[in-house]
>>> print(open('my_file25.tsv').read())   # TSV, C-alpha atoms and all ligand atoms
chain	number	residue	atom	x	y	z
N	1	MET	CA	208.26	97.12	-35.13
N	2	LYS	CA	209.01	95.01	-32.09
N	3	GLN	CA	211.01	96.87	-29.47
N	4	ARG	CA	214.44	95.26	-28.89
N	5	PHE	CA	215.32	94.16	-25.37
N	6	LEU	CA	217.40	96.87	-23.71
N	7	GLY	CA	220.27	95.62	-21.57
N	8	TYR	CA	221.92	97.94	-19.02
N	9	GLY	CA	224.86	98.25	-21.42
N	10	ARG	CA	225.73	97.22	-24.93
N	11	GLN	CA	228.48	97.55	-27.52
N	12	THR	CA	228.17	100.00	-30.41
N	13	ILE	CA	229.48	98.39	-33.60
N	14	ASP	CA	229.35	100.08	-37.01
N	15	ASP	CA	230.58	99.31	-40.55
N	16	ALA	CA	234.01	100.83	-39.84
N	17	ASP	CA	234.49	98.37	-36.95
N	18	ILE	CA	233.49	95.45	-39.14
N	19	ALA	CA	235.75	96.57	-42.00
N	20	ALA	CA	238.71	96.96	-39.62
N	21	VAL	CA	238.29	93.41	-38.31
N	22	VAL	CA	237.83	91.94	-41.80
N	23	ASP	CA	241.01	93.71	-42.95
N	24	VAL	CA	242.99	91.92	-40.26
N	25	LEU	CA	241.38	88.59	-41.12
N	26	ARG	CA	242.56	89.03	-44.72
N	27	GLY	CA	246.07	90.06	-43.63
N	28	ASP	CA	249.18	88.33	-42.30
N	29	PHE	CA	248.82	88.62	-38.53
N	30	LEU	CA	246.00	87.35	-36.40
N	31	THR	CA	247.52	87.32	-32.94
N	32	GLN	CA	249.71	90.09	-31.55
N	33	GLY	CA	251.06	92.01	-34.57
N	34	PRO	CA	251.18	95.54	-35.96
N	35	ALA	CA	247.56	96.39	-35.08
N	36	VAL	CA	248.30	95.84	-31.38
N	37	GLU	CA	251.21	98.29	-31.58
N	38	ARG	CA	249.06	100.82	-33.42
N	39	PHE	CA	246.29	100.44	-30.86
N	40	GLU	CA	248.74	100.91	-28.00
N	41	THR	CA	250.13	104.09	-29.57
N	42	ALA	CA	246.65	105.46	-30.25
N	43	LEU	CA	245.47	104.67	-26.71
N	44	ALA	CA	248.57	106.19	-25.10
N	45	ASP	CA	248.15	109.33	-27.25
N	46	ARG	CA	244.47	109.56	-26.44
N	47	VAL	CA	244.97	109.48	-22.67
N	48	GLY	CA	248.30	111.31	-22.63
N	49	ALA	CA	250.43	108.51	-21.20
N	50	LYS	CA	253.90	107.47	-22.33
N	51	HIS	CA	253.07	103.77	-22.58
N	52	ALA	CA	250.02	101.59	-23.16
N	53	ILE	CA	250.28	97.81	-22.90
N	54	ALA	CA	247.34	95.97	-24.43
N	55	VAL	CA	246.33	92.63	-22.91
N	56	ALA	CA	243.65	89.95	-23.09
N	57	ASN	CA	241.14	91.57	-20.71
N	58	GLY	CA	240.84	94.00	-17.83
N	59	THR	CA	241.37	91.29	-15.23
N	60	ALA	CA	244.69	90.33	-16.85
N	61	ALA	CA	245.61	94.03	-16.86
N	62	LEU	CA	244.93	94.27	-13.11
N	63	HIS	CA	246.89	91.08	-12.46
N	64	LEU	CA	249.92	92.27	-14.42
N	65	ALA	CA	249.77	95.74	-12.86
N	66	CYS	CA	249.89	94.15	-9.39
N	67	LEU	CA	252.83	91.95	-10.43
N	68	ALA	CA	254.65	94.88	-12.02
N	69	ALA	CA	254.15	96.80	-8.77
N	70	GLY	CA	255.98	93.96	-7.04
N	71	LEU	CA	253.06	92.68	-4.97
N	72	LYS	CA	253.91	89.31	-3.45
N	73	ALA	CA	253.13	87.02	-0.53
N	74	GLY	CA	252.89	88.96	2.70
N	75	ASP	CA	252.04	92.28	1.01
N	76	VAL	CA	248.81	94.21	1.49
N	77	ALA	CA	246.80	96.12	-1.13
N	78	VAL	CA	243.84	98.37	-0.32
N	79	ALA	CA	240.75	98.30	-2.57
N	80	PRO	CA	237.13	99.43	-2.19
N	81	THR	CA	234.54	96.74	-1.59
N	82	MET	CA	232.10	98.38	-4.04
N	83	THR	CA	233.61	97.03	-7.25
N	84	PHE	CA	233.64	94.05	-9.57
N	85	VAL	CA	235.42	91.13	-7.91
N	86	ALA	CA	238.34	91.35	-10.36
N	87	THR	CA	239.76	94.41	-8.54
N	88	ALA	CA	239.92	92.56	-5.23
N	89	ASN	CA	241.16	89.33	-6.81
N	90	ALA	CA	244.19	90.81	-8.57
N	91	PRO	CA	246.42	91.23	-5.48
N	92	LEU	CA	245.45	87.71	-4.38
N	93	TYR	CA	246.77	86.28	-7.67
N	94	CYS	CA	250.17	87.60	-6.56
N	95	GLY	CA	249.92	86.00	-3.13
N	96	ALA	CA	249.20	89.36	-1.46
N	97	ARG	CA	246.19	90.23	0.70
N	98	THR	CA	243.41	92.65	-0.28
N	99	GLU	CA	242.25	94.94	2.49
N	100	LEU	CA	238.70	95.90	1.55
N	101	VAL	CA	237.46	99.33	2.58
N	102	ASP	CA	234.26	101.36	2.32
N	103	ILE	CA	233.48	104.10	-0.23
N	104	GLY	CA	232.59	107.78	-0.16
N	105	ARG	CA	229.02	108.92	-0.82
N	106	HIS	CA	229.97	111.47	-3.46
N	107	ASN	CA	232.17	109.43	-5.79
N	108	LEU	CA	231.11	105.90	-4.70
N	109	GLY	CA	234.82	105.16	-4.64
N	110	LEU	CA	237.82	105.31	-2.36
N	111	THR	CA	238.37	108.64	-0.59
N	112	ALA	CA	241.48	110.13	1.01
N	113	ASP	CA	239.94	109.88	4.50
N	114	ILE	CA	239.07	106.22	4.06
N	115	LEU	CA	242.52	105.50	2.68
N	116	ARG	CA	244.27	107.35	5.53
N	117	ALA	CA	242.30	105.31	8.08
N	118	ALA	CA	243.17	102.06	6.29
N	119	LEU	CA	246.85	102.98	6.14
N	120	ALA	CA	246.87	103.90	9.82
N	121	SER	CA	245.68	100.33	10.58
N	122	HIS	CA	247.86	98.74	7.88
N	123	PRO	CA	250.97	100.89	7.40
N	124	GLU	CA	252.65	97.97	5.62
N	125	THR	CA	250.25	98.47	2.64
N	126	LYS	CA	252.21	98.40	-0.60
N	127	ALA	CA	249.59	99.24	-3.24
N	128	VAL	CA	246.28	101.07	-3.48
N	129	LEU	CA	243.63	100.22	-6.08
N	130	PRO	CA	241.06	103.01	-6.38
N	131	VAL	CA	238.10	102.26	-8.65
N	132	TYR	CA	236.71	105.04	-10.83
N	133	PHE	CA	233.16	103.86	-10.26
N	134	ALA	CA	230.80	104.32	-13.22
N	135	GLY	CA	233.51	106.48	-14.83
N	136	LEU	CA	234.05	109.13	-12.14
N	137	ALA	CA	237.65	109.75	-11.00
N	138	ASP	CA	236.92	112.52	-8.46
N	139	GLY	CA	239.22	112.73	-5.46
N	140	ALA	CA	242.21	111.20	-7.27
N	141	ALA	CA	244.69	113.97	-6.39
N	142	GLU	CA	243.82	113.77	-2.66
N	143	LEU	CA	244.10	109.98	-2.83
N	144	ALA	CA	247.57	110.23	-4.33
N	145	ALA	CA	248.65	112.48	-1.46
N	146	ALA	CA	247.10	110.14	1.12
N	147	ALA	CA	248.80	107.09	-0.45
N	148	ASP	CA	252.09	108.62	0.69
N	149	GLY	CA	254.33	107.09	-1.95
N	150	ARG	CA	252.66	103.69	-2.22
N	151	THR	CA	252.00	102.38	-5.72
N	152	ILE	CA	248.59	103.43	-7.03
N	153	ILE	CA	246.95	101.15	-9.58
N	154	ALA	CA	243.81	102.93	-10.77
N	155	ASP	CA	241.04	100.57	-11.84
N	156	ALA	CA	239.81	102.79	-14.65
N	157	CYS	CA	237.86	99.99	-16.35
N	158	HIS	CA	234.74	102.21	-16.35
N	159	ALA	CA	236.45	105.49	-17.05
N	160	LEU	CA	238.04	105.74	-20.50
N	161	GLY	CA	237.10	109.19	-21.79
N	162	GLY	CA	236.70	110.62	-18.29
N	163	VAL	CA	238.80	113.44	-16.89
N	164	TYR	CA	240.19	114.31	-13.48
N	165	GLU	CA	239.00	117.37	-11.57
N	166	ASP	CA	242.11	119.23	-12.76
N	167	GLY	CA	241.18	118.44	-16.36
N	168	GLY	CA	243.75	115.76	-17.25
N	169	PRO	CA	242.46	112.63	-18.97
N	170	VAL	CA	241.93	109.44	-17.00
N	171	GLY	CA	244.76	107.15	-18.14
N	172	SER	CA	247.35	109.94	-18.12
N	173	CYS	CA	248.53	108.55	-14.76
N	174	GLN	CA	248.93	112.04	-13.33
N	175	HIS	CA	247.47	110.77	-10.04
N	176	CYS	CA	248.55	107.13	-10.13
N	177	ASP	CA	251.36	104.87	-11.32
N	178	MET	CA	249.29	102.68	-13.63
N	179	SER	CA	245.76	102.93	-15.05
N	180	VAL	CA	243.88	99.78	-15.95
N	181	PHE	CA	241.21	99.61	-18.65
N	182	SER	CA	238.72	96.97	-19.77
N	183	PHE	CA	237.31	96.77	-23.27
N	184	HIS	CA	234.50	94.36	-22.44
N	185	PRO	CA	231.42	95.02	-24.66
N	186	VAL	CA	229.59	97.18	-22.12
N	187	LYS	CA	232.62	99.42	-21.52
N	188	PRO	CA	233.31	102.85	-23.14
N	189	ILE	CA	235.02	101.13	-26.10
N	190	THR	CA	235.18	97.43	-26.84
N	191	THR	CA	237.56	94.88	-28.29
N	192	ALA	CA	235.16	92.04	-27.32
N	193	GLU	CA	237.47	90.82	-24.54
N	194	GLY	CA	240.42	93.10	-23.99
N	195	GLY	CA	242.22	95.39	-21.60
N	196	ALA	CA	245.23	97.65	-21.21
N	197	VAL	CA	247.52	99.27	-18.69
N	198	THR	CA	248.84	102.79	-19.23
N	199	THR	CA	251.84	104.20	-17.40
N	200	ASN	CA	254.51	106.90	-17.68
N	201	ASP	CA	257.12	104.68	-16.02
N	202	SER	CA	259.30	102.95	-18.62
N	203	GLU	CA	260.47	100.25	-16.21
N	204	LEU	CA	256.87	99.33	-15.28
N	205	ALA	CA	256.01	99.28	-19.00
N	206	ARG	CA	258.85	96.88	-19.75
N	207	ARG	CA	257.77	94.54	-16.94
N	208	LEU	CA	254.17	94.60	-18.19
N	209	GLN	CA	255.28	93.83	-21.76
N	210	ILE	CA	257.36	90.88	-20.64
N	211	LEU	CA	254.78	89.51	-18.22
N	212	ARG	CA	252.00	89.45	-20.81
N	213	ASN	CA	254.15	87.19	-22.98
N	214	HIS	CA	255.31	84.35	-20.69
N	215	GLY	CA	258.00	86.51	-19.08
N	216	ILE	CA	259.99	86.41	-22.31
N	217	GLU	CA	262.48	89.18	-23.22
N	218	ARG	CA	263.40	89.43	-26.91
N	219	ASP	CA	265.66	92.49	-26.81
N	220	PRO	CA	269.31	91.22	-26.78
N	221	ALA	CA	270.39	94.43	-25.08
N	222	ARG	CA	268.41	93.29	-22.04
N	223	PHE	CA	269.57	89.67	-21.95
N	224	VAL	CA	271.26	88.31	-18.87
N	225	ASP	CA	274.17	85.79	-19.17
N	226	GLN	CA	274.71	86.78	-22.80
N	227	ALA	CA	278.20	85.33	-22.93
N	228	ASP	CA	276.90	81.76	-22.61
N	229	ASP	CA	274.60	81.95	-25.62
N	230	GLU	CA	275.25	81.86	-29.31
N	231	ALA	CA	273.90	85.18	-30.56
N	232	GLY	CA	271.17	84.76	-33.14
N	233	PRO	CA	267.80	86.03	-34.27
N	234	TRP	CA	265.94	83.18	-32.54
N	235	GLN	CA	267.32	84.12	-29.15
N	236	HIS	CA	264.97	85.07	-26.37
N	237	GLN	CA	265.10	84.69	-22.64
N	238	GLN	CA	262.40	83.91	-20.12
N	239	GLN	CA	263.32	86.24	-17.31
N	240	ALA	CA	260.16	86.09	-15.21
N	241	LEU	CA	257.14	83.86	-14.67
N	242	GLY	CA	254.70	85.46	-17.08
N	243	PHE	CA	251.51	84.51	-18.87
N	244	ASN	CA	249.93	84.44	-22.29
N	245	TYR	CA	247.82	87.56	-21.78
N	246	ARG	CA	248.33	88.90	-25.30
N	247	MET	CA	245.67	90.83	-27.21
N	248	THR	CA	245.09	89.72	-30.80
N	249	ASP	CA	245.40	91.92	-33.88
N	250	ILE	CA	241.72	91.25	-34.55
N	251	GLN	CA	240.82	92.79	-31.20
N	252	ALA	CA	243.28	95.65	-31.59
N	253	ALA	CA	241.88	96.58	-35.02
N	254	LEU	CA	238.43	96.75	-33.47
N	255	GLY	CA	239.86	98.82	-30.62
N	256	LEU	CA	241.42	101.31	-33.06
N	257	ALA	CA	238.12	101.77	-34.89
N	258	GLN	CA	236.32	102.14	-31.55
N	259	LEU	CA	238.79	104.74	-30.27
N	260	ASP	CA	237.91	106.88	-33.30
N	261	LYS	CA	234.34	106.94	-32.04
N	262	LEU	CA	235.02	107.39	-28.34
N	263	ASP	CA	234.20	111.12	-28.35
N	264	ALA	CA	231.00	110.63	-30.30
N	265	MET	CA	229.90	107.74	-28.07
N	266	LEU	CA	230.70	109.77	-24.96
N	267	ALA	CA	228.73	112.72	-26.33
N	268	ARG	CA	225.70	110.48	-26.80
N	269	ARG	CA	226.12	109.11	-23.28
N	270	ARG	CA	226.16	112.70	-22.00
N	271	GLN	CA	222.95	113.49	-23.89
N	272	ILE	CA	221.16	110.44	-22.52
N	273	ALA	CA	222.41	111.08	-18.98
N	274	ALA	CA	221.22	114.70	-19.13
N	275	TYR	CA	217.80	113.55	-20.30
N	276	TYR	CA	217.53	110.89	-17.60
N	277	ASP	CA	218.70	113.43	-14.99
N	278	ALA	CA	215.99	115.86	-16.04
N	279	ARG	CA	213.20	113.28	-16.18
N	280	LEU	CA	214.09	111.06	-13.22
N	281	GLY	CA	215.84	113.52	-10.91
N	282	ASN	CA	212.73	114.84	-9.18
N	283	LEU	CA	210.97	111.54	-8.58
N	284	GLU	CA	210.28	110.59	-5.02
N	285	ASN	CA	212.20	107.63	-3.59
N	286	ILE	CA	214.89	107.81	-6.28
N	287	VAL	CA	218.30	109.40	-5.82
N	288	LEU	CA	220.65	109.84	-8.78
N	289	PRO	CA	224.21	109.20	-7.59
N	290	GLN	CA	227.08	111.19	-9.16
N	291	SER	CA	224.52	113.41	-10.92
N	292	GLU	CA	225.95	116.80	-9.96
N	293	LEU	CA	226.47	118.65	-13.27
N	294	ALA	CA	230.23	119.01	-12.93
N	295	ALA	CA	230.60	115.32	-12.08
N	296	ARG	CA	228.54	114.36	-15.13
N	297	ALA	CA	230.83	116.49	-17.30
N	298	ARG	CA	234.01	114.80	-15.98
N	299	SER	CA	232.77	111.23	-15.89
N	300	GLY	CA	233.38	108.53	-18.47
N	301	LEU	CA	229.67	107.74	-17.89
N	302	HIS	CA	229.93	103.98	-18.04
N	303	LEU	CA	226.73	103.26	-16.09
N	304	TYR	CA	223.54	105.12	-15.34
N	305	LEU	CA	222.95	104.51	-11.64
N	306	LEU	CA	219.72	104.83	-9.71
N	307	HIS	CA	219.46	104.48	-5.96
N	308	ILE	CA	215.92	103.49	-5.11
N	309	ASP	CA	214.20	103.30	-1.74
N	310	PHE	CA	212.44	100.01	-2.51
N	311	ALA	CA	211.03	99.72	1.02
N	312	ALA	CA	209.29	103.11	0.72
N	313	LEU	CA	207.88	102.05	-2.65
N	314	GLY	CA	206.52	98.84	-1.15
N	315	ILE	CA	208.17	96.72	-3.80
N	316	THR	CA	211.21	94.48	-3.63
N	317	ARG	CA	214.15	94.91	-5.99
N	318	PRO	CA	213.63	91.48	-7.60
N	319	GLU	CA	209.98	92.40	-8.21
N	320	ALA	CA	211.00	95.72	-9.75
N	321	MET	CA	213.59	94.05	-11.98
N	322	THR	CA	211.04	91.47	-13.13
N	323	GLN	CA	208.45	94.15	-13.90
N	324	LEU	CA	210.99	96.05	-15.97
N	325	ARG	CA	212.26	92.93	-17.70
N	326	ASP	CA	208.69	92.06	-18.69
N	327	ARG	CA	208.55	95.44	-20.43
N	328	GLY	CA	211.80	94.72	-22.28
N	329	ILE	CA	214.10	96.67	-19.98
N	330	GLY	CA	217.15	95.03	-18.52
N	331	THR	CA	218.63	96.28	-15.25
N	332	GLN	CA	221.59	95.21	-13.16
N	333	VAL	CA	223.01	95.77	-9.69
N	334	HIS	CA	226.52	97.25	-9.61
N	335	TYR	CA	227.80	95.70	-7.42
N	336	ILE	CA	227.27	93.11	-4.74
N	337	PRO	CA	229.98	94.44	-2.39
N	338	VAL	CA	233.02	92.18	-2.56
N	339	HIS	CA	232.97	91.58	1.23
N	340	ARG	CA	229.63	89.76	0.73
N	341	GLN	CA	231.10	87.25	-1.71
N	342	PRO	CA	231.64	83.93	0.09
N	343	PHE	CA	235.21	83.59	-1.17
N	344	HIS	CA	236.20	86.99	0.24
N	345	ARG	CA	233.88	86.96	3.26
N	346	ASP	CA	235.75	83.94	4.58
N	347	ARG	CA	239.11	85.69	4.17
N	348	ILE	CA	238.54	89.14	5.63
N	349	ALA	CA	238.41	90.34	9.19
N	350	GLY	CA	235.56	92.83	8.60
N	351	THR	CA	231.81	92.44	8.90
N	352	PRO	CA	229.11	94.20	6.80
N	353	GLY	CA	228.93	96.85	9.55
N	354	ASP	CA	232.43	97.95	8.57
N	355	PHE	CA	231.19	99.06	5.14
N	356	PRO	CA	228.12	101.21	5.92
N	357	VAL	CA	228.12	103.37	2.76
N	358	SER	CA	228.65	100.40	0.46
N	359	GLU	CA	225.92	98.43	2.24
N	360	GLN	CA	223.51	101.33	2.07
N	361	TYR	CA	224.31	101.94	-1.59
N	362	TYR	CA	224.02	98.27	-2.45
N	363	ARG	CA	220.51	98.02	-0.96
N	364	GLY	CA	219.10	100.56	-3.41
N	365	ALA	CA	221.39	100.17	-6.42
N	366	LEU	CA	219.93	99.66	-9.87
N	367	SER	CA	221.61	100.38	-13.23
N	368	ILE	CA	219.22	101.07	-16.10
N	369	PRO	CA	219.77	100.84	-19.88
N	370	PHE	CA	222.50	103.27	-20.92
N	371	PHE	CA	224.51	102.91	-24.10
N	372	PRO	CA	225.28	105.17	-27.07
N	373	SER	CA	223.15	103.39	-29.67
N	374	MET	CA	219.94	103.85	-27.64
N	375	THR	CA	217.43	105.78	-29.72
N	376	ASP	CA	215.53	108.74	-28.27
N	377	HIS	CA	212.47	106.53	-28.33
N	378	GLU	CA	214.25	103.83	-26.28
N	379	VAL	CA	215.42	106.42	-23.76
N	380	GLU	CA	211.90	107.81	-23.41
N	381	PHE	CA	210.49	104.28	-23.17
N	382	THR	CA	212.90	103.56	-20.30
N	383	VAL	CA	211.95	106.79	-18.52
N	384	ALA	CA	208.26	105.93	-18.80
N	385	ALA	CA	208.83	102.45	-17.38
N	386	ILE	CA	210.82	103.77	-14.41
N	387	LYS	CA	208.14	106.38	-13.73
N	388	ASP	CA	205.42	103.73	-13.82
N	389	LEU	CA	207.44	101.70	-11.37
N	390	VAL	CA	207.82	104.42	-8.78
N	391	GLN	CA	204.64	106.47	-9.15
K	1	LIG	C1	235.66	97.79	-12.11
K	1	LIG	C2	236.09	96.65	-12.98
K	1	LIG	N1	237.30	96.11	-12.79
K	1	LIG	C3	237.73	95.08	-13.55
K	1	LIG	C4	236.96	94.54	-14.54
K	1	LIG	C5	237.46	93.36	-15.31
K	1	LIG	O1	237.53	93.58	-16.67
K	1	LIG	P1	237.38	92.37	-17.71
K	1	LIG	O2	235.95	91.94	-17.70
K	1	LIG	O3	237.80	92.98	-19.01
K	1	LIG	O4	238.31	91.30	-17.27
K	1	LIG	C6	235.70	95.09	-14.79
K	1	LIG	C7	234.83	94.60	-15.88
K	1	LIG	O5	234.03	93.77	-15.86
K	1	LIG	C8	235.24	96.14	-13.97
K	1	LIG	O6	234.01	96.66	-14.13
>>> encode(input="my_file25.tsv", output="structure tokens")
Amino acid sequence: MKQRFLGYGRQTIDDADIAAVVDVLRGDFLTQGPAVERFETALADRVGAKHAIAVANGTAALHLACLAAGLKAGDVAVAPTMTFVATANAPLYCGARTELVDIGRHNLGLTADILRAALASHPETKAVLPVYFAGLADGAAELAAAADGRTIIADACHALGGVYEDGGPVGSCQHCDMSVFSFHPVKPITTAEGGAVTTNDSELARRLQILRNHGIERDPARFVDQADDEAGPWQHQQQALGFNYRMTDIQAALGLAQLDKLDAMLARRRQIAAYYDARLGNLENIVLPQSELAARARSGLHLYLLHIDFAALGITRPEAMTQLRDRGIGTQVHYIPVHRQPFHRDRIAGTPGDFPVSEQYYRGALSIPFFPSMTDHEVEFTVAAIKDLVQ
């Protein structure tokens, strides 16, 4: 049988997922309806948060979280440069400025020391956006202390299923004000496109609910200027400038079926990661970031990261990626640091020298195939190809 091409990540869809989607298609609601509410309740229960607000994608979730936090023109938000561009873009959508900072070597994310230094230079900072890179949320309690009361919007797009060092689930918001998730196909669960914000703050939840639906409030108890209007069931008020960022019932039904499998999918990720760690951990010129046993156990394990000394191997990264692709193995680089992107480079004061850990990490970064439906044979096949590359 021909080996399928292995991407660095891939959705896991089974008959239960398909049946859940078909059920919605045969029902009364396609766009936001009862399945969205059920998904929100299930997600909030799963992560131990009071509220979950489902939206169209993770980027929309970040945007709304920044708006709900009150970010506006003149404000500053701190975010690590080693992330997908969406994290850094979200404050800009609100007219605020994103202050990009470097990352720590252990978690490949924001650290308390880095945050304290950024806040010393920019005390006016209003929000902090840590990224739980590849699913690891380590250092979150120290970050919360260092943020000194500023709003923390955790970009947990990689980290559903992960836990904090003190054992609480990512998404519980015990070390942040809002947690943002993405349900893109490569993420821990998928709704095709999709995202959510979780929070324990009822006022933030209300703002998020209104903003995802054009800024429209439907609860008469919350209307302003009620006396002027004829009361009636059609009444609604636009109270803010919002968006159509709604999730559909089709997506939410898929999300519910996926949530049921989150533990099983995470268990398979743990198995594969342990196998990779054992087989690739001792190879020369490869370092496995975040591979300490305790970190592996806490992480949502979104990506399997290698850090390769390509210069020592005498091969360039593009050459290595081509060699692997020719063997049916897809790889990716997570991420080009945001400060290198032309759009951001032209807007920030810093130079690459200001982000030494991110730059060093970027030079050797390579994510290899890692998703729950990989067979043992596919995992072994990937190990063999990586070994051939470096030996
Ligand atoms: C760290 C991070 N933040 C934000 C996003 C944006 O999520 P989405 O693709 O659902 O808009 C992603 C996903 O691509 C991500 O990896």
>>> residues_around(input="my_file25.tsv", residues="region 204-206 of chain N", least_positions_apart="4", cutoff="9 Å", atoms="all atoms listed in the file", output="VMD selection string")
chain N and resid 51 to 53 65 68 to 69 177 to 178 197 to 200 210 to 211
>>> residues_near_ligand(input="my_file25.tsv", ligand="ligand LIG 1 (chain K)", cutoff="8 Å", atoms="all atoms listed in the file", output="list in words")
Ala56, Asn57, Gly58, Thr59, Ala60, Ala61, Leu62, Thr83, Phe84, Val85, Ala86, Thr87, Val131, Tyr132, Phe133, Asp155, Ala156, Cys157, His158, Phe181, Ser182, Phe183, His184, Lys187, Glu193, Gly194 and Gly195 of chain N
>>> residues_around(input="my_file25.tsv", residues="Thr41 (chain N)", least_positions_apart="3", cutoff="12 Å", atoms="all atoms listed in the file", output="PyMOL selection string")
chain N and resi 34-38+44-54+196+198+252+255-256+259
>>> residues_around(input="my_file25.tsv", residues="Ala96 (chain N)", least_positions_apart="4", cutoff="9 Å", atoms="only C-alpha atoms", output="list in words")
Leu71, Lys72, Ala73, Gly74, Asp75, Val76, Ala77, Ala90, Pro91 and Leu92 of chain N
>>> residues_near_point(input="my_file25.tsv", point="(214.7, 111.4, -11.1)", cutoff="12 Å", atoms="all atoms listed in the file", output="ChimeraX atom specification")
/N:273-289,291,304-308,383-384,386-387,390-391
>>> closest_residue(input="my_file25.tsv", among="N:Val128, N:Leu100, N:Leu136, N:Ala365", to="Thr331 (chain N)", atoms="only C-alpha atoms")
N:Ala365
>>> closest_residue(input="my_file25.tsv", among="N:Leu254, N:Ile315, N:Ile18, N:Ile329", to="Pro185 (chain N)", atoms="all atoms listed in the file")
N:Leu254
>>> atom_distance(input="my_file25.tsv", atom1="CA of Ala134 (chain N)", atom2="CA of Val338 (chain N)")
16.3 Å
>>> closest_residue(input="my_file25.tsv", among="N:Thr351, N:Thr190, N:Gln237, N:Gln341", to="Gly9 (chain N)", atoms="all atoms listed in the file")
N:Thr190
>>> atom_distance(input="my_file25.tsv", atom1="CA of Ile348 (chain N)", atom2="CA of Ala88 (chain N)")
11.5 Å
>>> closest_residue(input="my_file25.tsv", among="N:Ala192, N:Ala140, N:Leu301, N:Ala253", to="Ala19 (chain N)", atoms="all atoms listed in the file")
N:Ala253
>>> atom_distance(input="my_file25.tsv", atom1="CA of Phe371 (chain N)", atom2="CA of Thr191 (chain N)")
15.9 Å
>>> residues_around(input="my_file25.tsv", residues="Glu165 (chain N)", least_positions_apart="4", cutoff="9 Å", atoms="all atoms listed in the file", output="PyMOL selection string")
chain N and resi 137-141+295+298
>>> residues_around(input="my_file25.tsv", residues="Gly109 (chain N)", least_positions_apart="2", cutoff="8 Å", atoms="only C-alpha atoms", output="number ranges by chain")
N: 80, 82, 102-105, 107, 111, 130-133
>>> closest_residue(input="my_file25.tsv", among="N:Ile152, N:Leu30, N:Val379, N:Leu43", to="Met247 (chain N)", atoms="only C-alpha atoms")
N:Leu30
>>> closest_residue(input="my_file25.tsv", among="N:Ala385, N:Leu129, N:Ile114, N:Val180", to="Gln323 (chain N)", atoms="all atoms listed in the file")
N:Ala385
>>> axis_aligned_box(input="my_file25.tsv", around="region 312-329 of chain N", padding_each_side="6 Å", output="JSON")
{"center_x": 210.3, "center_y": 97.3, "center_z": -10.8, "size_x": 19.6, "size_y": 23.6, "size_z": 35.0}
